[in-house]
Structures are given as structure tokens and as C-alpha cells.
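Source file: work-v4.txt; contents: compact mmCIF, C-alpha atoms.
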# COMPACT_ATOMS: atom_id res chain seq x y z
CA MET V 1 0.00 0.00 0.00
CA GLN V 2 1.42 3.37 -1.04
CA LYS V 3 2.14 6.09 1.52
CA LEU V 4 -0.18 9.09 1.53
CA VAL V 5 1.34 12.56 1.03
CA PHE V 6 -0.52 15.86 1.47
CA MET V 7 0.71 18.64 -0.81
CA VAL V 8 -0.42 22.08 0.41
CA ASP V 9 0.29 25.18 -1.70
CA ASP V 10 -1.77 28.12 -2.98
CA ASN V 11 -0.06 27.90 -6.39
CA ASP V 12 -1.92 25.59 -8.79
CA TYR V 13 1.16 25.08 -10.94
CA ILE V 14 3.23 23.90 -7.95
CA LEU V 15 0.45 21.54 -6.90
CA THR V 16 0.21 20.02 -10.38
CA LEU V 17 3.98 19.76 -10.72
CA ALA V 18 4.48 18.06 -7.36
CA ALA V 19 1.62 15.63 -8.00
CA SER V 20 3.10 14.61 -11.36
CA MET V 21 6.50 14.03 -9.74
CA LEU V 22 5.14 11.95 -6.85
CA GLU V 23 2.17 10.02 -8.24
CA SER V 24 4.24 7.00 -9.34
CA GLU V 25 5.60 6.50 -5.82
CA TYR V 26 2.89 7.85 -3.50
CA ASP V 27 -0.79 8.56 -3.14
CA VAL V 28 -0.94 12.35 -3.33
CA LEU V 29 -3.72 14.68 -2.24
CA THR V 30 -3.26 18.30 -3.26
CA MET V 31 -4.96 21.23 -1.53
CA PRO V 32 -4.73 25.00 -2.03
CA SER V 33 -4.77 26.11 1.61
CA ALA V 34 -4.04 25.10 5.18
CA GLU V 35 -7.75 25.41 5.95
CA LYS V 36 -8.49 22.72 3.37
CA MET V 37 -5.70 20.59 4.83
CA PHE V 38 -7.28 20.66 8.29
CA SER V 39 -10.67 19.69 6.82
CA LEU V 40 -9.09 16.66 5.12
CA LEU V 41 -7.17 15.72 8.26
CA GLU V 42 -10.51 14.95 9.89
CA VAL V 43 -10.96 12.02 7.49
CA LYS V 44 -7.44 11.24 6.20
CA HIS V 45 -4.16 10.70 8.05
CA PRO V 46 -1.18 11.35 5.77
CA ASP V 47 2.24 9.82 6.24
CA LEU V 48 3.89 13.15 5.36
CA ILE V 49 2.86 16.74 4.64
CA LEU V 50 4.52 19.08 2.13
CA LEU V 51 3.53 22.53 3.37
CA ASP V 52 4.08 25.88 1.66
CA ILE V 53 5.11 28.68 4.02
CA GLN V 54 3.70 31.71 2.22
CA MET V 55 -0.06 31.34 1.85
CA PRO V 56 -2.64 34.14 2.12
CA GLN V 57 -5.18 33.11 4.79
CA MET V 58 -3.05 30.92 7.04
CA SER V 59 0.71 30.67 6.63
CA GLY V 60 2.58 27.39 6.80
CA PHE V 61 4.14 28.47 10.09
CA ASP V 62 0.73 29.15 11.64
CA ALA V 63 -0.58 25.81 10.35
CA MET V 64 2.44 24.05 11.82
CA LYS V 65 1.72 25.47 15.27
CA ILE V 66 -1.82 24.06 15.11
CA LEU V 67 -0.59 20.68 13.91
CA LYS V 68 1.83 20.36 16.80
CA GLN V 69 -0.81 21.31 19.36
CA ASN V 70 -3.06 18.42 18.33
CA ALA V 71 -1.96 14.98 19.51
CA ALA V 72 -3.68 13.36 16.51
CA TYR V 73 -1.47 15.24 14.04
CA ALA V 74 1.65 16.14 16.00
CA ASP V 75 3.67 13.12 14.84
CA ILE V 76 3.09 13.63 11.10
CA PRO V 77 6.42 14.69 9.52
CA VAL V 78 6.19 18.06 7.79
CA ILE V 79 8.52 19.37 5.09
CA PHE V 80 8.23 23.09 4.42
CA LEU V 81 8.27 24.38 0.85
CA THR V 82 9.64 27.87 0.33
CA ALA V 83 10.79 30.18 -2.44
CA LEU V 84 13.00 31.99 0.08
CA ASN V 85 16.54 30.94 0.83
CA ASP V 86 16.49 32.38 4.33
CA SER V 87 18.38 30.82 7.24
CA ASP V 88 16.21 32.64 9.81
CA ASN V 89 13.03 31.17 8.33
CA GLU V 90 14.61 27.73 8.24
CA ALA V 91 15.70 27.99 11.87
CA TYR V 92 12.21 29.08 12.89
CA GLY V 93 10.58 26.25 10.92
CA ILE V 94 12.83 23.64 12.52
CA GLU V 95 12.04 25.14 15.92
CA LEU V 96 8.33 24.67 15.17
CA GLY V 97 8.95 21.01 14.39
CA ALA V 98 9.54 20.72 10.63
CA VAL V 99 11.77 17.83 9.56
CA ASP V 100 13.17 19.59 6.47
CA PHE V 101 12.96 22.46 3.97
CA ILE V 102 12.78 22.21 0.17
CA THR V 103 13.40 25.33 -1.88
CA LYS V 104 11.12 26.07 -4.84
CA PRO V 105 11.46 25.45 -7.72
CA PHE V 106 12.38 21.86 -6.85
CA SER V 107 13.54 18.95 -8.99
CA LYS V 108 11.96 15.51 -9.02
CA PRO V 109 15.06 13.68 -7.65
CA VAL V 110 15.39 16.11 -4.74
CA LEU V 111 11.69 15.93 -3.89
CA LEU V 112 11.58 12.11 -4.04
CA ASN V 113 14.79 11.59 -2.11
CA ARG V 114 13.86 13.98 0.68
CA ILE V 115 10.44 12.37 1.12
CA LYS V 116 11.87 8.84 0.98
CA ASN V 117 14.53 9.65 3.58
CA HIS V 118 12.11 11.21 6.02
CA LEU V 119 9.50 8.47 5.67
CA HIS V 120 12.22 5.91 6.37
CA ILE V 121 13.41 7.85 9.42
CA ASP V 122 9.82 8.31 10.57
CA LYS V 123 9.21 4.55 10.31
CA GLN V 124 12.28 3.84 12.41
CA ILE V 125 11.12 6.36 15.01
CA ARG V 126 7.60 4.91 15.04
CA ASP V 127 8.91 1.36 15.41
CA ARG V 128 11.16 2.40 18.28
CA THR V 129 8.35 4.38 19.89
CA SER V 130 6.08 1.34 19.63
CA GLU V 131 8.71 -0.82 21.33
CA LEU V 132 9.13 1.71 24.14
CA LEU V 133 5.36 2.03 24.57
CA HIS V 134 5.06 -1.76 24.81
CA LEU V 135 7.79 -1.81 27.47
CA LYS V 136 6.22 1.12 29.32
CA ASN V 137 2.80 -0.51 29.33
CA GLY V 138 4.34 -3.73 30.60
CA ILE V 139 5.83 -1.87 33.57
CA VAL V 140 2.52 -0.12 34.23
CA TYR V 141 0.66 -3.45 34.18
CA MET V 142 3.17 -4.86 36.65
CA LEU V 143 2.81 -1.92 39.05
CA ALA V 144 -0.97 -2.04 38.77
CA ASP V 145 -0.91 -5.77 39.53
CA ILE V 146 1.14 -5.09 42.66
CA VAL V 147 -1.47 -2.61 43.89
CA GLU V 148 -4.35 -4.93 43.04
CA SER V 149 -2.74 -8.01 44.59
CA ARG V 150 -2.45 -6.18 47.92
CA ASP V 151 -5.97 -4.73 47.91
CA LYS V 152 -8.20 -7.81 48.25
CA ASN V 153 -11.37 -5.68 48.35
CA THR V 154 -11.17 -4.26 44.84
CA GLY V 155 -10.31 -7.17 42.55
CA GLY V 156 -10.25 -6.09 38.89
CA HIS V 157 -10.92 -2.44 39.78
CA ILE V 158 -7.95 -1.04 37.86
CA GLU V 159 -8.65 -2.71 34.52
CA ARG V 160 -12.37 -1.93 34.76
CA THR V 161 -11.65 1.75 35.33
CA VAL V 162 -9.42 1.76 32.24
CA VAL V 163 -12.31 0.43 30.13
CA TYR V 164 -14.79 2.94 31.55
CA ILE V 165 -12.44 5.91 31.32
CA GLU V 166 -11.74 5.21 27.65
CA ILE V 167 -15.48 5.24 26.95
CA LEU V 168 -15.97 8.47 28.90
CA ILE V 169 -13.08 10.37 27.30
CA ASN V 170 -14.20 9.29 23.82
CA ALA V 171 -17.70 10.55 24.63
CA MET V 172 -16.29 13.87 25.85
CA ILE V 173 -14.42 14.26 22.58
CA GLU V 174 -17.54 13.42 20.56
CA GLN V 175 -19.57 15.97 22.53
CA ASP V 176 -16.86 18.69 22.43
CA VAL V 177 -16.62 18.83 26.23
CA TYR V 178 -13.23 20.25 27.30
CA ILE V 179 -12.14 19.53 23.73
CA ASP V 180 -9.41 22.20 23.69
CA GLU V 181 -7.57 20.34 26.44
CA LEU V 182 -8.42 16.81 25.30
CA LYS V 183 -7.13 17.36 21.76
CA ARG V 184 -3.67 17.99 23.22
CA TRP V 185 -3.65 14.62 24.98
CA ASP V 186 -1.91 11.52 23.69
CA PHE V 187 -5.07 9.44 24.09
CA GLU V 188 -3.50 5.98 24.33
CA SER V 189 -0.82 7.14 26.75
CA VAL V 190 -3.28 8.97 29.01
CA VAL V 191 -5.68 6.03 29.20
CA SER V 192 -2.84 3.61 30.00
CA SER V 193 -1.45 5.91 32.69
CA SER V 194 -4.80 5.85 34.50
CA ARG V 195 -3.86 2.35 35.70
CA LEU V 196 -1.62 4.02 38.27
CA HIS V 197 -4.36 6.09 39.92
CA ASP V 198 -4.20 3.97 43.09
CA ILE V 199 -0.42 3.49 43.17
CA GLY V 200 -0.30 5.32 46.51
CA LYS V 201 -2.01 2.36 48.17
CA VAL V 202 1.33 0.53 48.22
CA VAL V 203 2.22 2.54 51.34
CA ILE V 204 -1.02 1.66 53.17
CA SER V 205 -0.78 -1.23 55.62
CA ASP V 206 -2.52 -4.51 54.79
CA THR V 207 -4.48 -4.25 58.04
CA ILE V 208 -6.25 -1.12 56.83
CA LEU V 209 -6.27 -1.93 53.12
CA ASN V 210 -7.97 -5.30 53.63
CA LYS V 211 -10.05 -4.65 56.73
CA PRO V 212 -13.31 -6.65 56.47
CA GLY V 213 -15.65 -3.81 57.24
CA LYS V 214 -15.86 -0.04 57.41
CA LEU V 215 -12.78 1.87 58.49
CA THR V 216 -12.66 3.87 61.68
CA GLU V 217 -12.15 7.63 61.37
CA SER V 218 -8.43 7.34 62.14
CA GLU V 219 -8.03 4.44 59.69
CA PHE V 220 -9.83 6.40 56.99
CA GLU V 221 -7.47 9.34 57.54
CA ILE V 222 -4.56 6.98 56.86
CA MET V 223 -6.32 5.56 53.80
CA ARG V 224 -6.84 9.09 52.47
CA THR V 225 -3.09 9.63 52.32
CA HIS V 226 -2.83 7.27 49.33
CA ALA V 227 -3.73 10.10 46.93
CA ALA V 228 -0.88 12.39 47.99
CA GLU V 229 1.47 9.42 48.40
CA GLY V 230 0.72 8.37 44.84
CA GLY V 231 1.76 11.78 43.57
CA THR V 232 4.98 11.60 45.57
CA ILE V 233 5.82 8.14 44.24
CA ILE V 234 5.29 9.24 40.64
CA ASP V 235 7.27 12.46 41.20
CA ARG V 236 10.24 10.32 42.20
CA ALA V 237 9.78 8.22 39.07
CA ILE V 238 9.72 11.38 36.92
CA GLU V 239 12.97 12.58 38.52
CA ARG V 240 14.67 9.27 37.72
CA THR V 241 13.30 8.60 34.23
CA GLY V 242 12.47 12.03 32.82
CA ASP V 243 9.29 10.55 31.25
CA ALA V 244 7.31 13.63 32.14
CA GLU V 245 4.31 13.32 29.78
CA PHE V 246 3.23 9.76 30.55
CA LEU V 247 4.03 9.87 34.26
CA TYR V 248 2.63 13.38 34.67
CA SER V 249 -0.75 12.07 33.50
CA ALA V 250 -0.44 9.22 36.00
CA LYS V 251 0.38 11.73 38.73
CA LEU V 252 -2.73 13.79 37.95
CA PHE V 253 -4.96 10.71 38.07
CA SER V 254 -3.36 9.50 41.29
CA THR V 255 -3.22 12.77 43.21
CA PHE V 256 -6.54 14.34 42.28
CA HIS V 257 -9.14 11.58 41.81
CA HIS V 258 -10.54 12.14 45.31
CA GLU V 259 -10.96 15.90 44.96
CA LYS V 260 -14.56 17.12 44.80
CA TRP V 261 -16.10 19.82 42.64
CA ASP V 262 -17.34 21.73 45.72
CA GLY V 263 -13.92 21.76 47.37
CA THR V 264 -14.61 19.18 50.10
CA GLY V 265 -12.35 16.46 48.67
CA TYR V 266 -8.76 15.53 49.38
CA PRO V 267 -5.75 15.79 49.51
CA HIS V 268 -5.76 19.53 48.67
CA GLY V 269 -9.41 20.58 48.88
CA LEU V 270 -9.35 21.98 45.36
CA LYS V 271 -12.56 23.36 43.89
CA GLY V 272 -14.13 23.36 40.42
CA GLY V 273 -11.71 24.00 37.59
CA GLU V 274 -8.78 24.08 40.03
CA ILE V 275 -8.95 20.28 39.92
CA PRO V 276 -6.99 18.92 36.93
CA LEU V 277 -9.22 17.40 34.26
CA HIS V 278 -7.65 13.96 34.79
CA GLY V 279 -8.81 14.00 38.40
CA ARG V 280 -12.33 15.18 37.56
CA ILE V 281 -12.73 12.37 35.03
CA MET V 282 -11.33 9.65 37.28
CA ALA V 283 -13.47 10.84 40.21
CA ILE V 284 -16.62 9.75 38.39
CA ILE V 285 -15.19 6.49 37.06
CA ASP V 286 -13.66 5.51 40.42
CA VAL V 287 -16.94 6.06 42.26
CA TYR V 288 -18.96 4.32 39.56
CA ASP V 289 -16.87 1.16 39.80
CA ALA V 290 -17.01 1.23 43.58
CA LEU V 291 -20.81 1.51 43.48
CA VAL V 292 -21.39 -1.39 41.07
CA SER V 293 -18.87 -3.63 42.88
CA GLU V 294 -19.51 -5.70 45.97
CA ARG V 295 -17.41 -4.94 49.02
CA SER V 296 -17.08 -6.68 52.38
CA TYR V 297 -19.18 -3.89 53.88
CA LYS V 298 -21.80 -3.45 51.10
CA LYS V 299 -23.68 -5.09 48.27
CA ALA V 300 -23.19 -4.03 44.67
CA PHE V 301 -25.57 -1.41 43.31
CA THR V 302 -27.16 -1.82 39.90
CA HIS V 303 -25.82 0.26 37.03
CA GLU V 304 -29.01 2.34 37.06
CA LYS V 305 -28.71 3.10 40.78
CA ALA V 306 -25.03 4.00 40.39
CA VAL V 307 -25.85 6.45 37.58
CA GLU V 308 -28.62 7.94 39.72
CA ILE V 309 -26.24 8.47 42.66
CA ILE V 310 -23.60 10.08 40.47
CA THR V 311 -26.20 12.33 38.84
CA GLN V 312 -27.37 13.49 42.27
CA GLU V 313 -23.78 14.53 43.03
CA ARG V 314 -23.60 16.71 39.90
CA GLY V 315 -22.06 20.03 40.87
CA THR V 316 -21.15 18.90 44.40
CA HIS V 317 -18.86 15.87 44.14
CA PHE V 318 -18.51 15.84 40.35
CA ASP V 319 -17.89 18.23 37.46
CA PRO V 320 -21.40 18.89 36.06
CA LEU V 321 -20.29 18.91 32.41
CA ILE V 322 -18.60 15.52 32.74
CA VAL V 323 -21.62 14.10 34.59
CA ASP V 324 -23.79 15.14 31.62
CA VAL V 325 -21.47 13.26 29.26
CA PHE V 326 -21.40 10.27 31.62
CA GLU V 327 -25.20 10.12 31.56
CA LYS V 328 -25.30 10.20 27.76
CA ALA V 329 -22.62 7.50 27.55
CA SER V 330 -24.19 5.38 30.30
CA ASP V 331 -25.54 2.73 27.92
CA LYS V 332 -22.03 2.07 26.57
CA ILE V 333 -20.67 1.99 30.11
CA LYS V 334 -23.44 -0.42 31.14
CA ASN V 335 -22.64 -2.75 28.26
CA ALA V 336 -18.98 -2.72 29.28
CA CYS V 337 -20.00 -3.30 32.88
CA VAL V 338 -22.06 -6.34 31.88
CA GLU V 339 -19.20 -7.75 29.78
CA LEU V 340 -16.89 -7.33 32.75
CA GLY V 341 -19.33 -9.26 34.91
CA LYS V 342 -20.28 -6.41 37.20
CA SER V 343 -23.95 -5.93 36.38
Translate the structure of the given file into C-alpha cells.
Amino acid sequence: MQKLVFMVDDNDYILTLAASMLESEYDVLTMPSAEKMFSLLEVKHPDLILLDIQMPQMSGFDAMKILKQNAAYADIPVIFLTALNDSDNEAYGIELGAVDFITKPFSKPVLLNRIKNHLHIDKQIRDRTSELLHLKNGIVYMLADIVESRDKNTGGHIERTVVYIEILINAMIEQDVYIDELKRWDFESVVSSSRLHDIGKVVISDTILNKPGKLTESEFEIMRTHAAEGGTIIDRAIERTGDAEFLYSAKLFSTFHHEKWDGTGYPHGLKGGEIPLHGRIMAIIDVYDALVSERSYKKAFTHEKAVEIITQERGTHFDPLIVDVFEKASDKIKNACVELGKS
């Protein structure tokens, strides 16, 4: 299957010329503006973009900034096309994230070789990234298993929350809720990192963690420390590994999933939008799974009752906008719940 190349230029002659040079090697889609490129990106994912710098409505530099801000497009290699032989422009383009510059007018051998080289490099990077992601996920699974093996009361909780949170975030994207922040997320990485939301429980004693019954007030105070402890554990991991993006998401899930919209949660008593979005999302999912799961001190609620309870806490415990999305996505969550044997 041929690689797909987007060719973006406001000059019809350049578009026709580039297409004729590339069509024997690649699938080429030509477009006269960056605005058209973004429309096509909603339905097509190119392997490489050839992007003119000087265009009337939106320049190539401005388009590049938008591409890099969106996790769905940020990894697409971009080669700038320019009629200017200007080292300052080249330096700025590289700073924005371009992989190369090609000066117009260009020759067929130069155009083909540059594209071939960068697609080959991009494949090597993607393969290596995939290997690292597989390794990273393996470590996350191991750490999550350690937490789950110690907490006998919540068997399967971590993997169930991953399933539910993926449904909820997808629904938020579909409904344009907090979309400006969500579009900057690396979706797969964020969802995977949510497995570490209870990592702080590793410092809680087995006596409290597995007590067959409700905790006393003093025991509950100790249990509450797992949120802040989780953040501390992940901070140490960030210092040692430098993997800020993945682990930072894990830290936000871990530290803030017990904060409440009205400011009565813990560990910091944050209120409303002060609570990171990761925490506001996990707050709903964590409570939902707890409600539909049997514990030593309670029976499992039905899915319908759990949704009712969460809805009643709209604007007090939970972010009202996310509760609205949760309600609309509740059928999908129920189906997942049934498949996981919880309802």
C-alpha cells in the first residue's frame, strides 16, 4: 500500500507539478490552503505533509503550530516548501517542528529523495516508539498488579476503570466537552497511565487496606493519604526517568481523583476547575466502579442506581459537564459493565 502525502500550496502550478513528480511513488492529495488541509485531516491521516510557508489566509508556520498542538497530528512529519533561501526562516521552521525544507522550484530527484529519507526515518522512530510504549505498558501493568494483589477488596478495579475511562473520554471528545484540552492529549498514553491512579495504596498497611468492614475515622485518615502518596511516588519516578508526559498524567490521576467539585475532597481541597481534568474524570469512574462492585461492607448497586447516585452529586462531588457526558454514555458503560461481569 502506497504512503499518503498531502501537498499544500496556494499555487496551482506547484500543486500540479508536485503531484506529477510523486504520483508513481505515493498517493498524493493536493490542496490550495491550510484550511483545506485541516478539513481533510478529519478524514485522512497522511504519512507526510509538504507545506508551503507563504499562503494568504493561514501561513505554513501558523498551520504548523496548530498541527503540533493536536496529539492526533503532532507526529506527522512536515517538510516546508519555500521560495525563500532564508536561514532565519529555516531555523524558525525547525524550531516549530519541521523535519526539512525544500526550496522552490524543486527537482523531481530532490523531492523524491527527501520524502523517501524522512519516511524511512519516521518509520524507524515509530517502530522504536512502539517498542518503548510496549515496554512502558508492561511496567505499568506490573505496578498495577502489585497494587491490586495487595488490595483484596477491589479485585479487577484497575482494569475496569481503564475500560470505563476510555469510553468516557471518547464521549467527551464526541460531545466537544473540554475539547481544547483533550485534543492535546496523547489518548492511548493517558488512558494507559490511569492504571496508576491507586499506586499510593502501596504505602497503606494490609491491616487497613484489607479490613473486612468499614474503616474507623483514624483508619480512613490513613487511607486518604494514598492520593498524595501516589503523587509523591510518581514524582520520584519522573525525577529518575524524565518521562514527564506519561508519568505526569499518571500523577494527575493519582493525586486528584478524590478531589470534589465543591472543594470538600482531598488531599488539597481543590474546587471546580482548580482540579486537573484527569482528576475530575477519574473521580466519576472511580466512584462508579465502587458503586457497582460488591465490598465486604456493602452489596453491589445496579448500574441504574449507580448512575442515579452520580447524577445526584452533579455540581457537588462531580464536574457537572462531565456528569452530563457520563449520563449520555451510560448505555455504553453499562454494556462494558455487563461484559466485565459487574452488572
If we count only C-alpha atoms, what is near Val287 of chain V at a cut-off of 10 Å, once residues fewer than 2 positions away on the same chain are taken out, given as a compact mmCIF listing (two decimals) with C-alpha atoms, in the coordinates of the input?
# COMPACT_ATOMS: atom_id res chain seq x y z
CA THR V 161 -11.65 1.75 35.33
CA HIS V 257 -9.14 11.58 41.81
CA HIS V 258 -10.54 12.14 45.31
CA MET V 282 -11.33 9.65 37.28
CA ALA V 283 -13.47 10.84 40.21
CA ILE V 284 -16.62 9.75 38.39
CA ILE V 285 -15.19 6.49 37.06
CA ASP V 289 -16.87 1.16 39.80
CA ALA V 290 -17.01 1.23 43.58
CA LEU V 291 -20.81 1.51 43.48
CA VAL V 292 -21.39 -1.39 41.07
CA SER V 293 -18.87 -3.63 42.88
CA ALA V 306 -25.03 4.00 40.39
CA ILE V 309 -26.24 8.47 42.66
CA ILE V 310 -23.60 10.08 40.47
Residue with smallest distance to Leu209 of chain V - pool V:Lys260, V:Lys68, V:His197, V:His226, counting all atoms listed in the file:
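Going through V:Lys260, V:Lys68, V:His197, V:His226 one by one, the smallest distance to Leu209 of chain V is for V:His226.
With atom CA of Ala250 of chain V on one side and atom CA of Glu188 of chain V on the other, the separation reads 12.5 Å.
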Using only C-alpha atoms, determine which residues lie at most 7 Å from segment 262-267 of chain V, disregarding the query and same-chain residues fewer than 6 positions distant; provide the list as a VMD selection string.
chain V and resid 227 to 228 315 to 317
Segment 219-290 of chain V residues near segment 169-184 of chain V within 12 Å, closest pair each, using all atoms listed in the file, as a Markdown table:
| residue | atom | partner | partner_atom | distance |
| --- | --- | --- | --- | --- |
| V:Glu245 | CA | V:Arg184 | CA | 11.3 |
| V:Gly273 | CA | V:Tyr178 | CA | 11.1 |
| V:Pro276 | CA | V:Glu181 | CA | 10.6 |
| V:Leu277 | CA | V:Glu181 | CA | 8.5 |
| V:His278 | CA | V:Ile169 | CA | 9.9 |
| V:Arg280 | CA | V:Ile169 | CA | 11.4 |
| V:Ile281 | CA | V:Ile169 | CA | 8.0 |
| V:Met282 | CA | V:Ile169 | CA | 10.2 |
| V:Ile284 | CA | V:Ile169 | CA | 11.7 |
| V:Ile285 | CA | V:Ile169 | CA | 10.7 |
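Residues within 9 Å of segment 46-49 of chain V, counting only C-alpha atoms and excluding same-chain residues fewer than 3 positions away, are Lys3, Leu4, Val5, Phe6, Met7, Val8, Leu41, Ile76, Pro77, Val78, Ile79, Phe80, Ile115, His118, Leu119 and Asp122 of chain V.
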Using C-alpha atoms, can you export the residues from the last selection as a CSV table (one decimal), in the frame of the given file?
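File selection_5.csv, as written:
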chain,number,residue,atom,x,y,z
V,3,LYS,CA,2.1,6.1,1.5
V,4,LEU,CA,-0.2,9.1,1.5
V,5,VAL,CA,1.3,12.6,1.0
V,6,PHE,CA,-0.5,15.9,1.5
V,7,MET,CA,0.7,18.6,-0.8
V,8,VAL,CA,-0.4,22.1,0.4
V,41,LEU,CA,-7.2,15.7,8.3
V,76,ILE,CA,3.1,13.6,11.1
V,77,PRO,CA,6.4,14.7,9.5
V,78,VAL,CA,6.2,18.1,7.8
V,79,ILE,CA,8.5,19.4,5.1
V,80,PHE,CA,8.2,23.1,4.4
V,115,ILE,CA,10.4,12.4,1.1
V,118,HIS,CA,12.1,11.2,6.0
V,119,LEU,CA,9.5,8.5,5.7
V,122,ASP,CA,9.8,8.3,10.6
Could you tell me which of V:Gln312, V:Val202, V:Gly97, V:Met55 comes closest to Leu67 of chain V if we count only C-alpha atoms?
V:Gly97
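In this model, the gap between atom CA of Ile233 of chain V and atom CA of Glu217 of chain V comes to 24.8 Å.
Nearest residue to Ala71 of chain V, choosing from V:Asp186, V:Asp100, V:Glu308, V:Glu274 and counting only C-alpha atoms: V:Asp186.
Proximity of V:Pro320, V:Lys334, V:Leu143, V:Val325 to His303 of chain V, computed with all atoms listed in the file, is greatest for V:Lys334.
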